[in-house]
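Engineer: Here it is, the structure, as structure tokens.
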Amino acid sequence: MSMFEAPSDGVVFPHPNESMLTSSRPSPGPSLTSVCAPFGGNNGQIAPKPVFFPGLLDLELLHHYTTGTCFSLSSIPSKQQIWQIAVPREAKSHGFLLHALLAISAVNLWYVNPTKRHLYERAALNHWNLALATSIPALNEVTLYNCHALFAMSGIVSVLSFVSPHSGKFGMPSDPVNDILSVFTLIRGVTTVVQSAQEWIAQGSLGALIDYSWNPTTSPLSEDASVAFEKLFDTNEKETLDPSIRDIYSSTIQGLKKTFEIHTVVRDEPGLVFTWLVVVQASYITQLEKKKPMAVTILAHYAVLLHTSNGQWWLEGRGAHLVEFIRQILPSEWLPAILWPREAVTTGWKRNAELDPAASGHAR
């Protein structure tokens, strides 16, 4: 059974592109409920709120989350501790977050132990449906009381947006560019929900999850990455004839370069792969949907960031797979433009070895 097919008892797990439900209140952008469904309801409707009775499997899932899954959500010890201790503590008061934690734990176990796929798959589906069904009141009114739990849930949504399992083992999507477009939608919808509560979140027990202190004057890119971005800017100047589109690409490249600079200091932090996805312009996404060569070339450079977090189960192999797919769809005359991404996902991105993260102002 595919992850996006319905189990026999009617629990539905649609493709991330499908809209789960729509908030009753108007919103300037997509709401979390309308886009956050790597797991979800049926025909645009959420299932009625079910009753949850914890069982032995749920205890196993909670144990695995606190002893395993939580450590895959960050590589920074202080942030891992938040995911391990503060987030479950928050979940005691918010059932939707508890179910989200159990869902991601089940998906992680599904990945670790594919021989029990059916058991963990069903658990993941059921808990995610419960998480969505019980989160509706909070999503309709973000408050000081519920914003921290919603923020933690948004992080789980972001991680699950990268998950693409298939028969017995997690695998790669057939079209990873379209898959990334789905991730764009999910991540930007998540951001819309928690944006209004950012100050509350920053001051709460989960605030450190959004704090990446760094000093840009002490985080230069390595030589190979600097040269790669210079070539990327040059390619855009030479190949993009429309000035308005050229400006869109230039701004997008600049934002991606900034993300690489952060990665130079905050090394191997998987959560940072979402940074660029949040800030990138919608006009760039439009070009990417059309698979314009320049847009796809920029995405190939982003794939290097995915590759730096290759050790995380939910990102394993993503970067290299995306670069290879782009190599296949690009016209031959564009292949020199992705030479650095192809090398970086094969031999590794040569980050600035002389840079001391501790001296850069980044505190773990």
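Here, A, B, ... name the chains of the structure tokens in the order displayed, residue numbers run from 1 inside each chain, and ligands are numbered from 1 in the same displayed order.
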Quick one: residues within 9 Å of range 146-161 of chain A, only C-alpha atoms, excluding same-chain residues fewer than 5 positions away - as a count of residues only?
Structural biologist: 46
Engineer: Quick one: of A:Pro293, A:Gly68, A:Gly311, A:Gly95, who's nearest to Gln81 in chain A, counting only C-alpha atoms?
Structural biologist: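 Residue with the minimum atom-to-atom distance to Gln81 in chain A: A:Gly68.
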Engineer: Restricting the calculation to only C-alpha atoms, which member of A:Pro270, A:Val280, A:Thr235, A:Thr134 is positioned closest to Gln254 in chain A?
Structural biologist: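 Distance minimum relative to Gln254 in chain A lands on A:Val280.
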